[in-house]
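Undergrad: If it helps, the file is called model_11.cif and holds mmCIF, C-alpha atoms and all ligand atoms:
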data_final
loop_
_atom_site.label_atom_id
_atom_site.label_comp_id
_atom_site.auth_asym_id
_atom_site.auth_seq_id
_atom_site.Cartn_x
_atom_site.Cartn_y
_atom_site.Cartn_z
CA MET A 3 5.46 34.17 -82.85
CA ASN A 4 9.30 33.99 -82.80
CA ILE A 5 10.96 35.44 -85.87
CA ILE A 6 14.44 35.82 -87.34
CA LEU A 7 15.06 38.79 -89.61
CA LEU A 8 17.93 38.75 -92.10
CA GLY A 9 18.96 42.17 -93.42
CA ALA A 10 17.55 44.20 -90.51
CA THR A 11 19.46 47.35 -91.51
CA GLY A 12 18.11 47.49 -95.08
CA SER A 13 15.03 49.09 -96.58
CA ILE A 14 12.74 46.04 -96.19
CA GLY A 15 14.46 45.20 -92.89
CA SER A 16 13.71 48.64 -91.42
CA MET A 17 10.06 48.52 -92.48
CA THR A 18 9.79 45.03 -91.01
CA LEU A 19 11.22 46.27 -87.72
CA ASP A 20 8.56 49.04 -87.66
CA LEU A 21 5.83 46.41 -88.09
CA ILE A 22 7.41 44.13 -85.48
CA ARG A 23 7.44 47.06 -83.06
CA GLU A 24 3.81 47.97 -83.81
CA ASN A 25 2.55 44.38 -83.64
CA ASN A 26 4.45 43.14 -80.61
CA ILE A 27 6.20 40.32 -82.45
CA ASN A 28 9.11 38.55 -80.74
CA VAL A 29 12.44 38.78 -82.56
CA ILE A 30 14.88 36.05 -81.60
CA GLY A 31 17.47 36.67 -84.30
CA LEU A 32 18.70 39.56 -86.45
CA SER A 33 21.38 39.97 -89.08
CA LEU A 34 22.96 43.41 -89.04
CA GLY A 35 24.79 45.65 -91.46
CA ARG A 36 27.82 47.82 -92.06
CA ASP A 37 26.33 50.78 -90.21
CA ILE A 38 27.44 49.88 -86.68
CA ASP A 39 25.59 52.69 -84.87
CA LYS A 40 22.34 51.74 -86.57
CA SER A 41 22.97 48.04 -85.84
CA LEU A 42 23.75 48.75 -82.17
CA SER A 43 20.56 50.75 -81.70
CA ILE A 44 18.52 47.92 -83.30
CA VAL A 45 20.08 45.31 -80.97
CA LYS A 46 19.53 47.55 -77.92
CA GLU A 47 15.87 47.97 -78.78
CA PHE A 48 14.92 44.43 -79.85
CA LYS A 49 17.32 42.45 -77.61
CA PRO A 50 17.54 39.36 -79.85
CA LYS A 51 19.00 36.15 -78.50
CA TYR A 52 21.08 35.65 -81.66
CA ILE A 53 22.70 38.15 -84.01
CA CYS A 54 24.91 37.99 -87.08
CA VAL A 55 27.40 40.77 -87.79
CA ARG A 56 29.11 41.31 -91.12
CA LYS A 57 32.77 41.22 -90.00
CA ASP A 58 34.85 39.63 -87.22
CA ASP A 59 36.03 43.10 -86.15
CA ASP A 60 32.41 44.12 -85.44
CA LYS A 61 31.84 41.34 -82.91
CA ALA A 62 33.40 43.01 -79.86
CA LYS A 63 31.04 46.00 -80.15
CA PHE A 64 28.02 43.74 -79.57
CA GLU A 65 29.39 41.38 -76.92
CA SER A 66 27.86 43.23 -73.96
CA LEU A 67 24.44 43.16 -75.68
CA CYS A 68 24.11 39.61 -77.00
CA ASP A 69 25.53 36.22 -75.99
CA ASN A 70 25.22 34.47 -79.35
CA ILE A 71 27.00 36.31 -82.14
CA TYR A 72 27.55 34.84 -85.59
CA VAL A 73 29.72 36.39 -88.28
CA GLY A 74 29.69 36.76 -92.05
CA ASP A 75 28.15 34.58 -94.76
CA LEU A 76 28.38 31.41 -92.68
CA GLY A 77 26.84 33.27 -89.77
CA LEU A 78 23.81 34.16 -91.91
CA GLU A 79 23.37 30.48 -92.71
CA LYS A 80 23.65 29.46 -89.03
CA LEU A 81 21.18 32.13 -87.98
CA SER A 82 18.64 30.90 -90.56
CA GLU A 83 18.81 27.36 -89.16
CA ILE A 84 17.77 28.29 -85.62
CA PRO A 85 14.28 26.86 -85.04
CA CYS A 86 11.68 29.64 -85.22
CA ASP A 87 8.20 30.36 -86.60
CA LEU A 88 9.33 32.54 -89.49
CA VAL A 89 12.59 33.61 -91.13
CA ILE A 90 12.27 36.90 -93.00
CA ASN A 91 14.91 37.05 -95.68
CA ALA A 92 15.42 40.73 -96.55
CA LEU A 93 19.01 40.38 -97.74
CA ALA A 94 19.85 42.00 -101.06
CA GLY A 95 21.52 39.95 -103.79
CA SER A 96 22.81 36.41 -104.15
CA ILE A 97 24.05 36.36 -100.53
CA GLY A 98 20.40 35.55 -99.71
CA LEU A 99 20.41 32.15 -101.44
CA LEU A 100 22.09 29.88 -98.89
CA PRO A 101 20.22 31.32 -95.87
CA THR A 102 16.97 30.55 -97.74
CA VAL A 103 18.10 26.97 -98.34
CA LYS A 104 19.31 26.53 -94.74
CA ALA A 105 16.04 27.89 -93.32
CA ILE A 106 14.05 25.43 -95.45
CA ASN A 107 16.27 22.51 -94.42
CA ALA A 108 15.65 23.48 -90.79
CA LYS A 109 11.89 23.44 -91.53
CA ASN A 110 11.51 27.16 -90.81
CA ASP A 111 8.80 28.93 -92.79
CA ILE A 112 10.08 31.90 -94.82
CA ALA A 113 8.81 35.35 -95.71
CA LEU A 114 10.90 36.05 -98.78
CA ALA A 115 11.92 39.50 -100.01
CA ASN A 116 15.24 38.29 -101.41
CA LYS A 117 14.16 37.63 -104.99
CA GLU A 118 17.63 36.52 -106.10
CA SER A 119 17.23 33.22 -104.14
CA LEU A 120 14.31 32.10 -106.28
CA VAL A 121 15.72 33.46 -109.52
CA MET A 122 18.98 31.52 -109.10
CA ALA A 123 17.62 28.31 -107.65
CA GLY A 124 13.84 28.38 -107.95
CA ASP A 125 13.51 24.72 -108.98
CA ILE A 126 15.72 23.51 -106.14
CA ILE A 127 14.15 25.78 -103.50
CA MET A 128 10.52 25.00 -104.38
CA LYS A 129 11.25 21.24 -104.40
CA LEU A 130 13.05 21.50 -101.07
CA ALA A 131 10.22 23.53 -99.54
CA LYS A 132 7.68 20.93 -100.65
CA LYS A 133 9.81 18.09 -99.28
CA ASN A 134 10.24 19.83 -95.90
CA ASN A 135 6.64 21.04 -95.77
CA VAL A 136 7.84 24.64 -95.52
CA ASN A 137 5.75 27.66 -96.56
CA ILE A 138 7.33 30.44 -98.59
CA TYR A 139 5.38 33.70 -98.25
CA PRO A 140 6.28 36.36 -100.82
CA ILE A 141 7.06 39.91 -99.71
CA ASP A 142 7.57 41.50 -103.12
CA SER A 143 4.42 43.60 -103.71
CA GLU A 144 3.71 42.04 -107.11
CA HIS A 145 3.95 38.51 -105.77
CA SER A 146 1.93 39.35 -102.71
CA ALA A 147 -0.71 40.69 -105.10
CA ILE A 148 -0.69 37.51 -107.20
CA TRP A 149 -0.90 35.43 -104.01
CA GLN A 150 -3.93 37.45 -102.88
CA ALA A 151 -5.58 37.34 -106.32
CA ILE A 152 -5.29 33.57 -106.78
CA LYS A 153 -6.24 32.59 -103.25
CA GLY A 154 -9.11 30.10 -103.42
CA GLU A 155 -8.89 29.92 -107.22
CA ASP A 156 -8.13 26.90 -109.37
CA ILE A 157 -4.58 27.38 -110.72
CA LYS A 158 -5.71 25.73 -113.97
CA ALA A 159 -8.26 28.54 -114.47
CA ILE A 160 -5.53 31.21 -114.67
CA ASN A 161 -5.26 32.58 -118.21
CA LYS A 162 -2.80 35.36 -117.66
CA VAL A 163 -0.87 37.12 -114.91
CA TYR A 164 0.07 40.76 -115.51
CA ILE A 165 2.96 41.97 -113.37
CA THR A 166 2.96 45.76 -113.24
CA ALA A 167 6.07 47.91 -113.64
CA SER A 168 6.44 51.59 -112.82
CA GLY A 169 9.15 51.84 -115.49
CA GLY A 170 11.71 53.19 -112.99
CA ALA A 171 13.60 56.45 -113.02
CA PHE A 172 13.97 56.65 -116.80
CA ARG A 173 10.55 55.52 -117.94
CA ASP A 174 9.93 58.75 -119.88
CA LYS A 175 13.33 58.76 -121.55
CA LYS A 176 14.15 57.34 -124.98
CA ARG A 177 17.06 54.91 -125.24
CA GLU A 178 19.32 57.54 -126.83
CA GLU A 179 18.73 59.75 -123.79
CA LEU A 180 20.21 57.08 -121.50
CA GLU A 181 23.81 57.54 -122.71
CA ASN A 182 24.87 60.02 -120.04
CA VAL A 183 22.50 59.43 -117.13
CA THR A 184 24.13 59.45 -113.69
CA VAL A 185 23.87 57.24 -110.61
CA ASP A 186 21.91 59.97 -108.82
CA ASP A 187 19.45 60.16 -111.73
CA ALA A 188 18.99 56.37 -111.69
CA LEU A 189 18.36 56.32 -107.93
CA LYS A 190 15.40 58.71 -108.23
CA HIS A 191 12.56 56.21 -108.35
CA PRO A 192 9.26 57.92 -109.13
CA ASN A 193 7.08 55.93 -106.69
CA TRP A 194 9.04 53.71 -104.31
CA SER A 195 11.78 54.27 -101.76
CA MET A 196 13.98 51.14 -101.77
CA GLY A 197 17.55 49.87 -101.46
CA LYS A 198 20.05 50.97 -104.13
CA LYS A 199 20.36 47.67 -106.01
CA ILE A 200 16.65 47.20 -106.59
CA THR A 201 16.24 50.88 -107.51
CA ILE A 202 18.82 50.50 -110.28
CA ASP A 203 17.16 47.21 -111.32
CA CYS A 204 13.94 49.21 -111.71
CA ALA A 205 15.66 51.79 -113.91
CA THR A 206 17.00 49.03 -116.22
CA MET A 207 13.73 47.08 -115.71
CA MET A 208 15.81 44.00 -114.86
CA ASN A 209 13.71 43.98 -111.72
CA LYS A 210 10.62 43.05 -113.74
CA GLY A 211 12.48 40.22 -115.42
CA LEU A 212 13.62 38.89 -112.04
CA GLU A 213 10.05 39.15 -110.76
CA ILE A 214 8.67 37.17 -113.69
CA ILE A 215 11.11 34.34 -112.94
CA GLU A 216 10.22 34.58 -109.24
CA ALA A 217 6.47 34.42 -110.01
CA HIS A 218 6.97 31.41 -112.27
CA HIS A 219 8.60 29.46 -109.43
CA LEU A 220 6.43 30.66 -106.56
CA PHE A 221 3.10 29.94 -108.21
CA ASN A 222 4.09 27.29 -110.76
CA ILE A 223 2.69 29.40 -113.61
CA PRO A 224 4.24 28.92 -117.07
CA TYR A 225 6.20 31.84 -118.54
CA SER A 226 3.78 32.01 -121.47
CA LYS A 227 1.09 33.20 -119.04
CA ILE A 228 3.11 35.93 -117.28
CA THR A 229 3.29 39.37 -118.89
CA PRO A 230 4.89 42.59 -117.67
CA ILE A 231 2.80 45.73 -118.08
CA LEU A 232 3.73 49.38 -117.52
CA HIS A 233 1.62 51.09 -114.89
CA LYS A 234 3.03 54.43 -113.86
CA GLU A 235 0.97 54.91 -110.68
CA SER A 236 2.31 51.71 -108.95
CA LYS A 237 -1.09 51.21 -107.34
CA VAL A 238 -2.16 48.04 -109.10
CA HIS A 239 0.53 45.51 -108.19
CA ALA A 240 -0.64 42.59 -110.31
CA LEU A 241 -3.68 41.52 -112.30
CA VAL A 242 -4.82 37.96 -112.84
CA GLU A 243 -7.14 36.99 -115.67
CA PHE A 244 -9.17 33.80 -115.30
CA SER A 245 -10.76 31.43 -117.81
CA ASP A 246 -14.15 33.24 -117.63
CA SER A 247 -12.37 36.51 -118.61
CA THR A 248 -12.69 37.96 -115.12
CA LEU A 249 -9.70 40.08 -114.17
CA LYS A 250 -8.76 40.48 -110.51
CA ALA A 251 -6.52 43.40 -109.56
CA ILE A 252 -4.88 43.97 -106.20
CA ILE A 253 -4.71 47.68 -105.51
CA SER A 254 -3.00 49.57 -102.71
CA ASN A 255 -0.69 52.52 -102.26
CA PRO A 256 2.97 51.90 -103.10
CA ASP A 257 3.88 51.01 -99.52
CA MET A 258 5.90 47.86 -98.87
CA LYS A 259 4.60 47.64 -95.32
CA GLU A 260 1.33 46.19 -96.64
CA PRO A 261 2.84 43.12 -98.34
CA ILE A 262 5.35 42.68 -95.49
CA LEU A 263 2.51 42.64 -92.96
CA TYR A 264 0.51 40.23 -95.09
CA ALA A 265 3.50 37.86 -95.18
CA LEU A 266 4.15 38.26 -91.44
CA ASN A 267 0.53 37.23 -90.92
CA ARG A 268 0.92 34.24 -93.27
CA GLY A 269 -1.65 35.61 -95.68
CA ASN A 270 -4.20 36.76 -93.13
CA ARG A 271 -5.64 40.27 -92.91
CA SER A 272 -4.75 42.58 -90.04
CA ASN A 273 -5.17 46.28 -89.29
CA TYR A 274 -3.13 48.81 -91.22
CA ASP A 275 -4.25 52.29 -92.21
CA ASN A 276 -3.08 53.55 -95.59
CA LYS A 277 -6.29 53.83 -97.58
CA ILE A 278 -6.01 54.47 -101.25
CA LYS A 279 -7.67 57.36 -103.10
CA LEU A 280 -9.05 55.95 -106.33
CA SER A 281 -7.93 57.89 -109.38
CA THR A 282 -7.19 57.32 -113.05
CA LEU A 283 -4.91 54.36 -113.64
CA HIS A 284 -2.79 53.92 -116.76
CA PHE A 285 -1.49 50.73 -118.37
CA LYS A 286 0.87 50.41 -121.33
CA LYS A 287 2.55 47.53 -123.11
CA VAL A 288 6.24 47.01 -122.28
CA GLN A 289 8.38 47.55 -125.41
CA PHE A 290 11.24 45.06 -125.20
CA LYS A 291 13.30 47.23 -127.59
CA ARG A 292 13.21 50.00 -125.02
CA PHE A 293 13.76 47.68 -122.04
CA PRO A 294 15.80 44.77 -123.50
CA LEU A 295 16.79 43.31 -120.12
CA VAL A 296 13.20 42.26 -119.44
CA LYS A 297 13.28 40.09 -122.55
CA TYR A 298 16.73 38.69 -121.75
CA ALA A 299 15.56 37.85 -118.23
CA ILE A 300 12.42 36.08 -119.46
CA ASP A 301 14.51 34.11 -121.97
CA ALA A 302 17.00 33.16 -119.24
CA GLY A 303 14.09 32.03 -117.07
CA LYS A 304 12.62 29.95 -119.91
CA LYS A 305 15.98 28.32 -120.65
CA GLY A 306 16.43 27.60 -116.95
CA GLY A 307 19.50 25.66 -115.85
CA ILE A 308 22.42 27.94 -115.06
CA MET A 309 21.12 30.87 -117.15
CA PRO A 310 19.12 32.67 -114.40
CA THR A 311 22.23 32.52 -112.18
CA VAL A 312 24.32 34.03 -114.97
CA LEU A 313 21.65 36.70 -115.37
CA THR A 314 21.51 37.72 -111.74
CA ALA A 315 25.25 37.36 -110.99
CA SER A 316 26.29 39.50 -113.97
CA ASN A 317 23.56 42.01 -113.18
CA GLU A 318 24.52 42.26 -109.51
CA ALA A 319 28.17 42.84 -110.39
CA ALA A 320 27.34 45.33 -113.13
CA VAL A 321 24.99 47.28 -110.85
CA ASN A 322 27.78 47.47 -108.25
CA LEU A 323 30.19 48.81 -110.87
CA PHE A 324 27.63 51.39 -111.97
CA LEU A 325 26.96 52.47 -108.37
CA ASP A 326 30.74 52.83 -107.92
CA GLY A 327 30.89 55.12 -110.94
CA LYS A 328 33.07 52.63 -112.90
CA ILE A 329 30.72 52.00 -115.83
CA SER A 330 27.86 53.82 -117.55
CA PHE A 331 24.19 52.97 -117.12
CA LEU A 332 23.95 51.30 -120.54
CA ASP A 333 27.04 49.18 -119.76
CA ILE A 334 24.92 47.27 -117.24
CA GLU A 335 22.91 45.64 -119.99
CA LYS A 336 25.99 45.14 -122.19
CA ILE A 337 27.67 43.18 -119.38
CA VAL A 338 24.60 41.04 -118.72
CA ILE A 339 23.97 40.31 -122.40
CA ASN A 340 27.66 39.48 -122.93
CA GLU A 341 27.65 36.96 -120.07
CA LEU A 342 24.42 35.33 -121.20
CA SER A 343 25.62 35.05 -124.80
CA ASN A 344 28.90 33.43 -123.74
CA THR A 345 27.43 30.80 -121.44
CA LYS A 346 26.76 27.19 -122.39
CA ASN A 347 23.73 26.13 -120.41
CA PHE A 348 23.66 23.09 -118.13
CA LYS A 349 21.52 21.75 -115.30
CA PRO A 350 23.26 22.89 -112.13
CA THR A 351 23.36 21.57 -108.58
CA LEU A 352 23.16 24.07 -105.74
CA GLU A 353 26.95 23.91 -105.48
CA ASP A 354 27.28 24.73 -109.22
CA ILE A 355 24.97 27.72 -108.78
CA ILE A 356 27.04 29.09 -105.90
CA LYS A 357 30.30 28.49 -107.79
CA VAL A 358 29.13 30.11 -111.04
CA ASP A 359 27.59 33.07 -109.22
CA LYS A 360 30.85 33.73 -107.36
CA GLU A 361 33.05 33.26 -110.45
CA ILE A 362 30.99 35.67 -112.54
CA ARG A 363 30.75 38.35 -109.88
CA GLU A 364 34.45 38.16 -109.07
CA ARG A 365 35.45 38.28 -112.72
CA ILE A 366 33.24 41.25 -113.55
CA LEU A 367 34.09 43.12 -110.38
CA GLY A 368 37.77 42.40 -111.02
CA GLY A 369 37.33 44.66 -114.00
CA ARG A 370 38.82 42.30 -116.55
CA LEU A 371 35.74 42.42 -118.75
CA TRP A 372 34.79 46.08 -118.83
CA GLN A 373 37.44 48.60 -117.92
N1 LIG A 401 13.16 47.72 -100.84
C1 LIG A 401 12.02 47.35 -101.37
O1 LIG A 401 11.05 48.09 -101.33
C2 LIG A 401 11.90 45.99 -102.02
C3 LIG A 401 10.69 45.65 -102.66
C4 LIG A 401 10.55 44.38 -103.19
C5 LIG A 401 11.59 43.46 -103.11
N2 LIG A 401 12.75 43.81 -102.51
C6 LIG A 401 13.84 42.83 -102.44
O2 LIG A 401 14.18 42.67 -101.07
C7 LIG A 401 15.59 42.41 -100.94
C8 LIG A 401 16.17 43.47 -100.01
O3 LIG A 401 16.04 44.74 -100.65
P1 LIG A 401 16.32 46.13 -99.89
O4 LIG A 401 15.89 47.18 -100.82
O5 LIG A 401 15.78 46.08 -98.52
O6 LIG A 401 17.94 46.10 -99.84
P2 LIG A 401 18.90 46.99 -98.94
O7 LIG A 401 18.24 48.21 -98.46
O8 LIG A 401 20.16 47.14 -99.72
O9 LIG A 401 19.16 46.05 -97.66
C9 LIG A 401 19.80 44.81 -97.81
C10 LIG A 401 20.15 44.23 -96.46
O10 LIG A 401 21.00 43.08 -96.68
C11 LIG A 401 22.25 43.29 -95.99
N3 LIG A 401 23.33 42.68 -96.75
C12 LIG A 401 23.64 42.87 -98.05
N4 LIG A 401 24.75 42.17 -98.38
C13 LIG A 401 25.13 41.51 -97.25
C14 LIG A 401 26.20 40.63 -96.94
N5 LIG A 401 27.11 40.28 -97.84
N6 LIG A 401 26.27 40.15 -95.67
C15 LIG A 401 25.36 40.50 -94.73
N7 LIG A 401 24.33 41.34 -94.96
C16 LIG A 401 24.23 41.84 -96.21
C17 LIG A 401 22.39 44.79 -95.91
O11 LIG A 401 23.36 45.18 -94.98
P3 LIG A 401 23.97 46.68 -95.02
O12 LIG A 401 23.12 47.48 -94.08
O13 LIG A 401 25.37 46.50 -94.55
O14 LIG A 401 23.91 47.16 -96.43
C18 LIG A 401 20.97 45.17 -95.56
O15 LIG A 401 20.69 44.89 -94.21
C19 LIG A 401 16.16 42.45 -102.36
O16 LIG A 401 16.24 41.16 -102.88
C20 LIG A 401 15.12 43.26 -103.14
O17 LIG A 401 15.10 42.93 -104.51
C21 LIG A 401 12.92 45.05 -101.96
#
What's the structure tokens form of this structure?
TA:
Amino acid sequence: MNIILLGATGSIGSMTLDLIRENNINVIGLSLGRDIDKSLSIVKEFKPKYICVRKDDDKAKFESLCDNIYVGDLGLEKLSEIPCDLVINALAGSIGLLPTVKAINAKNDIALANKESLVMAGDIIMKLAKKNNVNIYPIDSEHSAIWQAIKGEDIKAINKVYITASGGAFRDKKREELENVTVDDALKHPNWSMGKKITIDCATMMNKGLEIIEAHHLFNIPYSKITPILHKESKVHALVEFSDSTLKAIISNPDMKEPILYALNRGNRSNYDNKIKLSTLHFKKVQFKRFPLVKYAIDAGKKGGIMPTVLTASNEAAVNLFLDGKISFLDIEKIVINELSNTKNFKPTLEDIIKVDKEIRERILGGRLWQ
């Protein structure tokens, strides 16, 4: 199998490289990151035929190691179009959208970690994938769990899908206790070790909202049937209830390597040793008053059109400002809610989605809204 991995230097990217190493998979293309030493050591080890570096200035450092070097956003798109068996999109944020689209147009199957692609343009992407006969394999643990639970089932027999949420770093705090929390506090996820953006999205619970939209598109399940549920152990990743009241749960340790491997194997089982010790599991209803962004995200998903793009663009920019120490934790939701409330919805083309995403991120990051 020949694969292309986008986001090789990130959290999902690094775990994917471990699995590629352990399973003797052939990497033909890699996109690298800002950490040049780390990127160089990856290229030296995996010797891909094609790479994409982030900046023009980086190119020279890789020229003795690789003959085909792409650069920047356009480079990511070109890399995704190279014919291969599987493109793994482990980019963080809206930068992942166009590479997803380009990979589908090139008829490359995709293992998708980049949830923002589907949130922004789920209708367009799923239609395009169908038209090009391309498979999209989810990497997110919750979506991998849904995929596993519904395999062989009649979609019409699904009554309810519960997507579990750990509750993030502040799950035991009341809203009034969130006033002065710091970036370091927010990055302390109780169960998972992940990239910074998704870890903050877990603390605000925006991540669960994004995942509900993603699940809606991936599995064509109506929003009315998808419910978030708090589950502090992060061992049950999703539960699916069927028409005969049977509930299937997919249970494993919080270890992203399991869903990544399942996607790399296109939904087939392989060998991986991380057996779970069964213990007491807790479930609790999500209170939207405590985690308002989940509700705003679901509403944006239901409205569709440009609203999910507004949701994810404003969130991405606000999370960046928070990580930079420019705004407080609670400002993230203020920024997102403000953008959603001031947007008139419309049915966008892909070009509209890219334009609106860029406009919103630039405006918010320019600091004109929240100083
Ligand atoms: N981490 C998890 O456990 C997890 C679980 C479920 C879903 N996901 C989803 O998977 C995706 C990746 O998450 P992650 O946690 O792995 O993120 P991450 O650790 O921040 O890694 C993101 C990767 O994308 C690259 N990247 C970001 N912006 C780029 C740009 N403008 N141009 C080129 N490359 C760029 C990064 O390069 P640098 O090295 O330069 O930063 C890095 O290689 C996200 O959509 C996330 O929601 C992650």
Undergrad: What is the atom CA of Ala265 of chain A to atom CA of Ser96 of chain A distance in Å?
TA: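 For atom CA of Ala265 of chain A relative to atom CA of Ser96 of chain A, the distance reads 21.3 Å.
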Undergrad: Let me see if you get this right: every residue at most 8 Å from ligand LIG 401 (chain A), counting only C-alpha atoms and all ligand atoms, written as a VMD selection string.
TA: chain A and resid 8 to 16 33 to 37 55 to 56 74 to 75 78 91 to 95 97 to 98 114 to 118 141 to 143 194 to 201 209 257 to 258
Undergrad: Let me have the centre and edge lengths in Å, one decimal, of the box along x, y and z around every listed atom of segment 148-158 of chain A with 6 Å of margin on each side, as JSON.
TA:
{"center_x": -4.9, "center_y": 31.6, "center_z": -108.4, "size_x": 20.4, "size_y": 23.8, "size_z": 23.1}
Undergrad: Could you tell me which of A:Ile308, A:Met122, A:Ile278, A:Ile165 comes closest to Pro350 of chain A if we count all atoms listed in the file?
TA: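 Among the listed residues, A:Ile308 lies closest to Pro350 of chain A.
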Undergrad: Find the residues near Ile5 of chain A: any atom within 7 Å, counting all atoms listed in the file, skip ones fewer than 4 places away on the same chain, and give them as a list in words.
TA: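 With the cut-off at 7 Å, the set is Asn28, Val29, Ile30, Gly31, Cys86, Asp87, Leu88 and Val89 of chain A.
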Undergrad: Take the residues just selected and output them with C-alpha atoms as a tab-separated table (two decimals), in the coordinates of the input.
TA:
chain	number	residue	atom	x	y	z
A	28	ASN	CA	9.11	38.55	-80.74
A	29	VAL	CA	12.44	38.78	-82.56
A	30	ILE	CA	14.88	36.05	-81.60
A	31	GLY	CA	17.47	36.67	-84.30
A	86	CYS	CA	11.68	29.64	-85.22
A	87	ASP	CA	8.20	30.36	-86.60
A	88	LEU	CA	9.33	32.54	-89.49
A	89	VAL	CA	12.59	33.61	-91.13
Undergrad: Here is a test: counting only C-alpha atoms, which residue of A:Glu260, A:Glu213, A:Asp186, A:Asp156 is nearest to Asp326 of chain A?
TA: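 The answer is A:Asp186, which sits nearest to Asp326 of chain A.
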Undergrad: Excluding segment 23-25 of chain A and its own-chain neighbours fewer than 5 positions away, which residues fall within 12 Å of it when counting all atoms listed in the file? Please give them as a short mmCIF file (atom, residue, chain, number, x, y, z; two decimals) with C-alpha atoms, in the coordinates of the input.
TA:
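result_22.cif, written as the output of this step:
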data_model
loop_
_atom_site.label_atom_id
_atom_site.label_comp_id
_atom_site.auth_asym_id
_atom_site.auth_seq_id
_atom_site.Cartn_x
_atom_site.Cartn_y
_atom_site.Cartn_z
CA MET A 3 5.46 34.17 -82.85
CA SER A 16 13.71 48.64 -91.42
CA MET A 17 10.06 48.52 -92.48
CA THR A 18 9.79 45.03 -91.01
CA ILE A 44 18.52 47.92 -83.30
CA GLU A 47 15.87 47.97 -78.78
CA PHE A 48 14.92 44.43 -79.85
CA LYS A 259 4.60 47.64 -95.32
CA LEU A 263 2.51 42.64 -92.96
CA LEU A 266 4.15 38.26 -91.44
CA ASN A 267 0.53 37.23 -90.92
CA SER A 272 -4.75 42.58 -90.04
CA ASN A 273 -5.17 46.28 -89.29
CA TYR A 274 -3.13 48.81 -91.22
#
Undergrad: As an exercise, work out the distance from atom CA of Asn340 of chain A to atom CA of Leu295 of chain A in Å and give it to one decimal place.
TA: 11.9 Å
Undergrad: Please provide the set of residues having any atom within 10 Å of Gly307 of chain A, restricted to all atoms listed in the file, with same-chain residues fewer than 2 positions apart removed, written as a ChimeraX atom specification.
TA: /A:122-123,125,302-305,309-312,346-351,355
Undergrad: Using only C-alpha atoms, which protein or nucleic acid residues come within 10 Å of segment 283-285 of chain A? Drop anything in the same chain fewer than 2 positions from it, and give the result as a PyMOL selection string.
TA: chain A and resi 166-168+231-238+280-281+287-288
Undergrad: Those residues you just picked out, can you put them in a file as an mmCIF file, in the frame of the given file with C-alpha atoms?
TA:
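Saved result, out.cif, follows:
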data_model
loop_
_atom_site.group_PDB
_atom_site.id
_atom_site.type_symbol
_atom_site.label_atom_id
_atom_site.label_comp_id
_atom_site.auth_asym_id
_atom_site.auth_seq_id
_atom_site.Cartn_x
_atom_site.Cartn_y
_atom_site.Cartn_z
ATOM 1 C CA THR A 166 2.960 45.760 -113.240
ATOM 2 C CA ALA A 167 6.070 47.910 -113.640
ATOM 3 C CA SER A 168 6.440 51.590 -112.820
ATOM 4 C CA ILE A 231 2.800 45.730 -118.080
ATOM 5 C CA LEU A 232 3.730 49.380 -117.520
ATOM 6 C CA HIS A 233 1.620 51.090 -114.890
ATOM 7 C CA LYS A 234 3.030 54.430 -113.860
ATOM 8 C CA GLU A 235 0.970 54.910 -110.680
ATOM 9 C CA SER A 236 2.310 51.710 -108.950
ATOM 10 C CA LYS A 237 -1.090 51.210 -107.340
ATOM 11 C CA VAL A 238 -2.160 48.040 -109.100
ATOM 12 C CA LEU A 280 -9.050 55.950 -106.330
ATOM 13 C CA SER A 281 -7.930 57.890 -109.380
ATOM 14 C CA LYS A 287 2.550 47.530 -123.110
ATOM 15 C CA VAL A 288 6.240 47.010 -122.280
#
